[in-house]
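Enquirer: Pasting in a structure now, in structure tokens, and then I'll have a few things to ask.
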Amino acid sequence: GDSVTQMEGPVTLSEEAFLTINCTYTATGYPSLFWYVQYPGEGLQLLLKATKADDKGSNKGFEATYRKETTSFHLEKGSVQVSDSAVYFCALSTGAQKLVFGQGTRLTINP
Amino acid sequence: NAGVTQTPKFQVLKTGQSMTLQCAQDMNHEYMSWYRQDPGMGLRLIHYSVGAGITDQGEVPNGYNVSRSTTEDFPLRLLSAAPSQTSVYFCASSYSPSGGREQYFGPGTRLTVT
């Protein structure tokens with residue numbers, strides 16, 4: 001079945017460091033790919049998405065590119081801030097809106 | 001526009017008790033779903049609905065019932081609570097069932113079964 005594998009956490013970085021969180025997927029067909037973020041005590045909210053190969057999703061300085069050849073959707077940010085501390089989830093959808101999530105990566109940014 | 005609302009925020013149940021987790025959305029979304037979040041496992045789909053009167057099972061449906069009598073509401077019922085159902089439960093909604101659409105999540109209900 002469909003699955004998503006994320007980089008194990010937790011990840012701790014200093015402010016202004018470069019961030020990469022790896023995400024790879026297995027799916028039949030052509031999934032849409034998402035990154036959701038969960039701030040402490042809150043529900044998930046969409047960070048960015050890409051719906052076809054080579055698309056780049058971007059938001060709030062975060063970027064991820066849909067790579068069909070490597071079945072990956074890695075999340076990157078050039079300079080992280082303390083306010084980026086959260087749990088990040090990679091997810092896919094192959095129609096019918098059923099999201100399949102990775103296990104989540106907890107990110108802590110120290111000032 | 002309140003988005004997706006869930007009640008209660010916290011709940012403690014004893015094994016064998018039943019309860020209903022409430023979910024409502026005011027965005028006129030056709031698609032609604034329930035997920036549970038467990039440490040190290042991400043979110044897993046319990047049940048979903050593509051419109052009023054239509055529901056289907058997700059990945060982990062056992063022990064849960066749903067119904068969708070209106071577009072706005074999608075309650076999740078625990079029939080006989082078990083400690084394995086201790087989790088954080090999220091309701092989500094989306095404009096349409098087609099893939100690629102953003103899903104909007106509620107704030108969650110933290111359930112403990114003793």
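Within each chain, counting starts at residue 1; across the structure tokens, chains are named A, B, ... in the order shown, with ligands numbered 1 upward in that order.
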Using only C-alpha atoms, which residues of region 13-53 of chain B come within 12 Å of region 37-61 of chain A, and what is the closest atom pair for each, with the distance in Å to one decimal? Give it as a Markdown table, sorted by chain and residue number.
Expert:
```
| residue | atom | partner | partner_atom | distance |
| --- | --- | --- | --- | --- |
| B:Tyr35 | CA | A:Leu44 | CA | 11.2 |
| B:Arg36 | CA | A:Gly43 | CA | 11.7 |
| B:Gln37 | CA | A:Gly43 | CA | 10.6 |
| B:Gly42 | CA | A:Leu44 | CA | 11.3 |
| B:Leu43 | CA | A:Leu44 | CA | 10.2 |
```
Enquirer: Ser32 (chain A): which residues within 12 Å, counting only C-alpha atoms, same-chain residues fewer than 5 positions away excluded, as a ChimeraX atom specification?
Expert: /A:25-27,48-57,65-68,71-73,90-100 /B:98-102
Enquirer: Once DSSP has gone over the backbone, tell me which residues of region 13-104 of chain A are in strand (DSSP E), as a tab-separated table (two decimals) with N, CA and C atoms, in the first residue's frame.
Expert:
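Generated file (result-v4.tsv):
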```tsv
chain	number	residue	atom	x	y	z
A	13	LEU	N	18.27	22.54	15.91
A	13	LEU	CA	19.17	23.44	15.16
A	13	LEU	C	19.27	24.77	15.87
A	14	SER	N	20.29	25.51	15.52
A	14	SER	CA	20.41	26.90	15.99
A	14	SER	C	19.71	27.82	15.01
A	19	LEU	N	17.89	24.09	7.07
A	19	LEU	CA	17.08	22.93	7.45
A	19	LEU	C	16.77	22.05	6.25
A	20	THR	N	16.94	20.75	6.42
A	20	THR	CA	16.41	19.75	5.50
A	20	THR	C	15.73	18.67	6.31
A	21	ILE	N	14.50	18.35	5.95
A	21	ILE	CA	13.81	17.18	6.51
A	21	ILE	C	13.47	16.27	5.32
A	23	CYS	N	11.94	13.24	3.08
A	23	CYS	CA	10.68	12.53	2.94
A	23	CYS	C	10.71	11.73	1.65
A	24	THR	N	10.43	10.45	1.74
A	24	THR	CA	10.29	9.61	0.55
A	24	THR	C	8.95	8.90	0.62
A	25	TYR	N	8.45	8.49	-0.52
A	25	TYR	CA	7.13	7.89	-0.54
A	25	TYR	C	7.07	6.68	-1.46
A	26	THR	N	6.08	5.86	-1.21
A	26	THR	CA	5.73	4.74	-2.09
A	26	THR	C	4.25	4.87	-2.40
A	32	SER	N	-0.54	13.38	-4.98
A	32	SER	CA	-0.23	14.75	-4.57
A	32	SER	C	0.55	14.64	-3.27
A	33	LEU	N	1.49	15.57	-3.08
A	33	LEU	CA	2.37	15.53	-1.90
A	33	LEU	C	2.21	16.80	-1.08
A	34	PHE	N	2.29	16.64	0.23
A	34	PHE	CA	2.03	17.73	1.15
A	34	PHE	C	3.04	17.75	2.28
A	35	TRP	N	3.27	18.95	2.81
A	35	TRP	CA	3.88	19.11	4.11
A	35	TRP	C	2.89	19.86	4.99
A	36	TYR	N	2.58	19.22	6.14
A	36	TYR	CA	1.74	19.85	7.16
A	36	TYR	C	2.61	20.16	8.37
A	37	VAL	N	2.24	21.21	9.11
A	37	VAL	CA	2.98	21.59	10.31
A	37	VAL	C	2.01	21.65	11.49
A	38	GLN	N	2.48	21.19	12.64
A	38	GLN	CA	1.68	21.19	13.86
A	38	GLN	C	2.44	21.95	14.93
A	44	LEU	N	-3.18	20.36	12.79
A	44	LEU	CA	-2.26	20.47	11.65
A	44	LEU	C	-2.74	21.56	10.71
A	45	GLN	N	-1.77	22.22	10.07
A	45	GLN	CA	-2.11	23.17	9.02
A	45	GLN	C	-1.19	22.96	7.83
A	46	LEU	N	-1.75	23.18	6.65
A	46	LEU	CA	-0.97	22.95	5.43
A	46	LEU	C	0.16	23.96	5.33
A	47	LEU	N	1.37	23.47	5.09
A	47	LEU	CA	2.52	24.34	4.88
A	47	LEU	C	2.75	24.57	3.40
A	48	LEU	N	2.79	23.49	2.62
A	48	LEU	CA	2.94	23.61	1.18
A	48	LEU	C	2.54	22.29	0.53
A	49	LYS	N	2.36	22.34	-0.80
A	49	LYS	CA	1.97	21.14	-1.51
A	49	LYS	C	2.48	21.18	-2.94
A	50	ALA	N	2.50	20.00	-3.58
A	50	ALA	CA	2.82	19.88	-5.00
A	50	ALA	C	1.97	18.76	-5.57
A	56	LYS	N	7.29	22.69	-7.55
A	56	LYS	CA	7.90	23.13	-6.29
A	56	LYS	C	6.83	23.84	-5.48
A	57	GLY	N	6.61	23.37	-4.26
A	57	GLY	CA	5.74	24.07	-3.34
A	57	GLY	C	6.57	24.98	-2.45
A	58	SER	N	6.02	26.15	-2.10
A	58	SER	CA	6.78	27.05	-1.23
A	58	SER	C	5.83	27.87	-0.38
A	59	ASN	N	6.28	28.20	0.83
A	59	ASN	CA	5.47	29.00	1.74
A	59	ASN	C	6.33	29.35	2.95
A	62	PHE	N	9.85	28.10	3.33
A	62	PHE	CA	10.03	26.66	3.15
A	62	PHE	C	9.79	26.30	1.68
A	63	GLU	N	10.53	25.28	1.22
A	63	GLU	CA	10.35	24.80	-0.14
A	63	GLU	C	10.45	23.28	-0.17
A	64	ALA	N	9.77	22.68	-1.14
A	64	ALA	CA	9.93	21.24	-1.38
A	64	ALA	C	9.61	20.99	-2.85
A	65	THR	N	10.39	20.12	-3.48
A	65	THR	CA	10.21	19.82	-4.91
A	65	THR	C	9.80	18.36	-5.06
A	75	LEU	N	11.81	18.66	2.54
A	75	LEU	CA	11.49	20.02	2.99
A	75	LEU	C	12.78	20.77	3.31
A	76	GLU	N	12.91	22.02	2.82
A	76	GLU	CA	14.11	22.82	3.07
A	76	GLU	C	13.74	24.24	3.45
A	77	LYS	N	14.61	24.83	4.27
A	77	LYS	CA	14.50	26.25	4.57
A	77	LYS	C	15.91	26.77	4.79
A	86	ALA	N	8.29	23.13	15.72
A	86	ALA	CA	6.98	22.49	15.51
A	86	ALA	C	7.24	21.03	15.11
A	87	VAL	N	6.15	20.30	14.87
A	87	VAL	CA	6.26	18.96	14.29
A	87	VAL	C	5.83	19.05	12.83
A	88	TYR	N	6.64	18.48	11.94
A	88	TYR	CA	6.39	18.55	10.50
A	88	TYR	C	6.03	17.17	9.98
A	89	PHE	N	4.94	17.12	9.20
A	89	PHE	CA	4.45	15.86	8.64
A	89	PHE	C	4.47	15.92	7.13
A	90	CYS	N	5.07	14.92	6.52
A	90	CYS	CA	4.98	14.72	5.08
A	90	CYS	C	3.78	13.81	4.83
A	91	ALA	N	3.04	14.05	3.75
A	91	ALA	CA	1.85	13.24	3.49
A	91	ALA	C	1.62	13.15	1.98
A	92	LEU	N	0.89	12.11	1.59
A	92	LEU	CA	0.49	11.98	0.19
A	92	LEU	C	-0.99	11.67	0.10
A	93	SER	N	-1.53	11.95	-1.08
A	93	SER	CA	-2.93	11.65	-1.37
A	93	SER	C	-3.01	11.16	-2.80
A	99	LEU	N	-5.49	11.06	3.08
A	99	LEU	CA	-4.10	11.39	3.31
A	99	LEU	C	-3.38	10.25	4.03
A	100	VAL	N	-2.17	9.94	3.55
A	100	VAL	CA	-1.29	8.99	4.22
A	100	VAL	C	-0.12	9.80	4.76
A	101	PHE	N	0.11	9.73	6.07
A	101	PHE	CA	1.11	10.56	6.73
A	101	PHE	C	2.38	9.78	7.05
```
Enquirer: For Val12 (chain B), which residue among B:Tyr104, B:Tyr95, B:Val88, B:Gln25 is the nearest when counting only C-alpha atoms?
Expert: B:Val88
Enquirer: Can you check which residues of chain B have any atom within 12 Å of chain A? Use only C-alpha atoms and format it as a ChimeraX atom specification.
Expert: /B:3-6,9-10,30-51,56-59,88-110
Enquirer: Can you tell me, as a ChimeraX atom specification, what residues are no more than 8 Å from Val82 (chain A) when counting only C-alpha atoms, ignoring any on the same chain fewer than 3 positions away?
Expert: /A:15,85,108-111
Enquirer: Keeping only C-alpha atoms, take the residues you just selected and write them out as a compact mmCIF listing (two decimals), in the first residue's frame.
Expert:
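What landed in again.txt:
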```txt
# COMPACT_ATOMS: atom_id res chain seq x y z
CA GLU A 15 18.62 29.95 14.67
CA SER A 85 9.79 24.98 16.14
CA THR A 108 13.39 22.56 17.82
CA ILE A 109 15.21 25.80 17.02
CA ASN A 110 17.42 27.29 19.72
CA PRO A 111 18.15 31.03 19.82
```
Enquirer: Applying 8 Å and only C-alpha atoms, which residues near region 70-73 of chain B remain after dropping the ones on its own chain fewer than 4 positions away? List them as JSON, numbers by chain.
Expert: {"B": [22, 23, 24, 25, 26, 28, 29, 30, 51, 52, 53]}
Enquirer: Emit the selected residues as a PDB file, in the first residue's frame, including all heavy atoms.
Expert:
```
ATOM      1  N   GLN B  22     -17.332  15.237  19.032  1.00  0.00           N
ATOM      2  CA  GLN B  22     -18.054  16.086  18.095  1.00  0.00           C
ATOM      3  C   GLN B  22     -17.094  16.811  17.148  1.00  0.00           C
ATOM      4  O   GLN B  22     -15.996  17.202  17.539  1.00  0.00           O
ATOM      5  CB  GLN B  22     -18.896  17.118  18.848  1.00  0.00           C
ATOM      6  CG  GLN B  22     -19.912  16.534  19.804  1.00  0.00           C
ATOM      7  CD  GLN B  22     -21.041  15.803  19.085  1.00  0.00           C
ATOM      8  OE1 GLN B  22     -21.245  15.952  17.879  1.00  0.00           O
ATOM      9  NE2 GLN B  22     -21.770  14.973  19.834  1.00  0.00           N
ATOM     10  N   CYS B  23     -17.539  16.962  15.907  1.00  0.00           N
ATOM     11  CA  CYS B  23     -16.791  17.719  14.898  1.00  0.00           C
ATOM     12  C   CYS B  23     -17.781  18.490  14.045  1.00  0.00           C
ATOM     13  O   CYS B  23     -18.787  17.917  13.596  1.00  0.00           O
ATOM     14  CB  CYS B  23     -15.959  16.795  14.026  1.00  0.00           C
ATOM     15  SG  CYS B  23     -15.147  17.643  12.646  1.00  0.00           S
ATOM     16  N   ALA B  24     -17.500  19.751  13.822  1.00  0.00           N
ATOM     17  CA  ALA B  24     -18.354  20.573  12.972  1.00  0.00           C
ATOM     18  C   ALA B  24     -17.484  21.507  12.141  1.00  0.00           C
ATOM     19  O   ALA B  24     -16.424  21.944  12.595  1.00  0.00           O
ATOM     20  CB  ALA B  24     -19.337  21.386  13.818  1.00  0.00           C
ATOM     21  N   GLN B  25     -17.967  21.801  10.926  1.00  0.00           N
ATOM     22  CA  GLN B  25     -17.271  22.776  10.066  1.00  0.00           C
ATOM     23  C   GLN B  25     -18.299  23.697   9.425  1.00  0.00           C
ATOM     24  O   GLN B  25     -19.422  23.270   9.124  1.00  0.00           O
ATOM     25  CB  GLN B  25     -16.404  22.059   9.014  1.00  0.00           C
ATOM     26  CG  GLN B  25     -17.100  21.020   8.185  1.00  0.00           C
ATOM     27  CD  GLN B  25     -17.728  21.528   6.907  1.00  0.00           C
ATOM     28  OE1 GLN B  25     -17.512  22.667   6.491  1.00  0.00           O
ATOM     29  NE2 GLN B  25     -18.501  20.670   6.266  1.00  0.00           N
ATOM     30  N   ASP B  26     -17.880  24.937   9.237  1.00  0.00           N
ATOM     31  CA  ASP B  26     -18.793  25.943   8.697  1.00  0.00           C
ATOM     32  C   ASP B  26     -18.344  26.451   7.345  1.00  0.00           C
ATOM     33  O   ASP B  26     -18.655  27.581   6.950  1.00  0.00           O
ATOM     34  CB  ASP B  26     -18.961  27.099   9.691  1.00  0.00           C
ATOM     35  CG  ASP B  26     -17.658  27.822   9.989  1.00  0.00           C
ATOM     36  OD1 ASP B  26     -16.607  27.426   9.429  1.00  0.00           O
ATOM     37  OD2 ASP B  26     -17.681  28.785  10.780  1.00  0.00           O
ATOM     38  N   ASN B  28     -18.869  24.643   4.453  1.00  0.00           N
ATOM     39  CA  ASN B  28     -19.655  23.940   3.445  1.00  0.00           C
ATOM     40  C   ASN B  28     -18.813  22.908   2.680  1.00  0.00           C
ATOM     41  O   ASN B  28     -19.000  22.698   1.480  1.00  0.00           O
ATOM     42  CB  ASN B  28     -20.299  24.927   2.454  1.00  0.00           C
ATOM     43  CG  ASN B  28     -21.505  24.318   1.752  1.00  0.00           C
ATOM     44  OD1 ASN B  28     -22.213  23.489   2.318  1.00  0.00           O
ATOM     45  ND2 ASN B  28     -21.721  24.718   0.516  1.00  0.00           N
ATOM     46  N   HIS B  29     -17.901  22.261   3.410  1.00  0.00           N
ATOM     47  CA  HIS B  29     -17.045  21.259   2.798  1.00  0.00           C
ATOM     48  C   HIS B  29     -17.777  19.930   2.671  1.00  0.00           C
ATOM     49  O   HIS B  29     -18.474  19.489   3.588  1.00  0.00           O
ATOM     50  CB  HIS B  29     -15.775  21.056   3.637  1.00  0.00           C
ATOM     51  CG  HIS B  29     -14.789  22.164   3.478  1.00  0.00           C
ATOM     52  ND1 HIS B  29     -13.679  22.275   4.296  1.00  0.00           N
ATOM     53  CD2 HIS B  29     -14.718  23.194   2.610  1.00  0.00           C
ATOM     54  CE1 HIS B  29     -12.985  23.328   3.920  1.00  0.00           C
ATOM     55  NE2 HIS B  29     -13.597  23.904   2.901  1.00  0.00           N
ATOM     56  N   GLU B  30     -17.578  19.280   1.518  1.00  0.00           N
ATOM     57  CA  GLU B  30     -18.212  17.985   1.301  1.00  0.00           C
ATOM     58  C   GLU B  30     -17.474  16.859   2.030  1.00  0.00           C
ATOM     59  O   GLU B  30     -18.064  15.923   2.522  1.00  0.00           O
ATOM     60  CB  GLU B  30     -18.239  17.667  -0.200  1.00  0.00           C
ATOM     61  CG  GLU B  30     -19.220  18.529  -0.988  1.00  0.00           C
ATOM     62  CD  GLU B  30     -20.665  18.278  -0.561  1.00  0.00           C
ATOM     63  OE1 GLU B  30     -21.036  17.106  -0.334  1.00  0.00           O
ATOM     64  OE2 GLU B  30     -21.421  19.260  -0.423  1.00  0.00           O
ATOM     65  N   GLY B  51     -19.749  13.103   1.692  1.00  0.00           N
ATOM     66  CA  GLY B  51     -20.953  13.922   1.630  1.00  0.00           C
ATOM     67  C   GLY B  51     -21.969  13.408   2.633  1.00  0.00           C
ATOM     68  O   GLY B  51     -21.825  12.306   3.180  1.00  0.00           O
ATOM     69  N   ALA B  52     -23.014  14.198   2.862  1.00  0.00           N
ATOM     70  CA  ALA B  52     -24.057  13.813   3.811  1.00  0.00           C
ATOM     71  C   ALA B  52     -24.641  12.455   3.405  1.00  0.00           C
ATOM     72  O   ALA B  52     -24.955  12.237   2.233  1.00  0.00           O
ATOM     73  CB  ALA B  52     -25.140  14.873   3.868  1.00  0.00           C
ATOM     74  N   GLY B  53     -24.742  11.567   4.380  1.00  0.00           N
ATOM     75  CA  GLY B  53     -25.312  10.249   4.148  1.00  0.00           C
ATOM     76  C   GLY B  53     -24.351   9.210   3.640  1.00  0.00           C
ATOM     77  O   GLY B  53     -24.711   8.033   3.483  1.00  0.00           O
TER      78      GLY B  53
END
```
Enquirer: Quick one: residues within 6 Å of Ser18 (chain B), only C-alpha atoms counted, chain neighbours fewer than 4 positions away excluded, as JSON, numbers by chain?
Expert: {"B": [78, 79, 80, 81]}
Enquirer: Can you pull out the residues contacting region 13-17 of chain B? Cut-off 12 Å, using only C-alpha atoms, and skip same-chain residues under 6 positions away; I want them as a ChimeraX atom specification.
Expert: /B:63,77-87,110-114
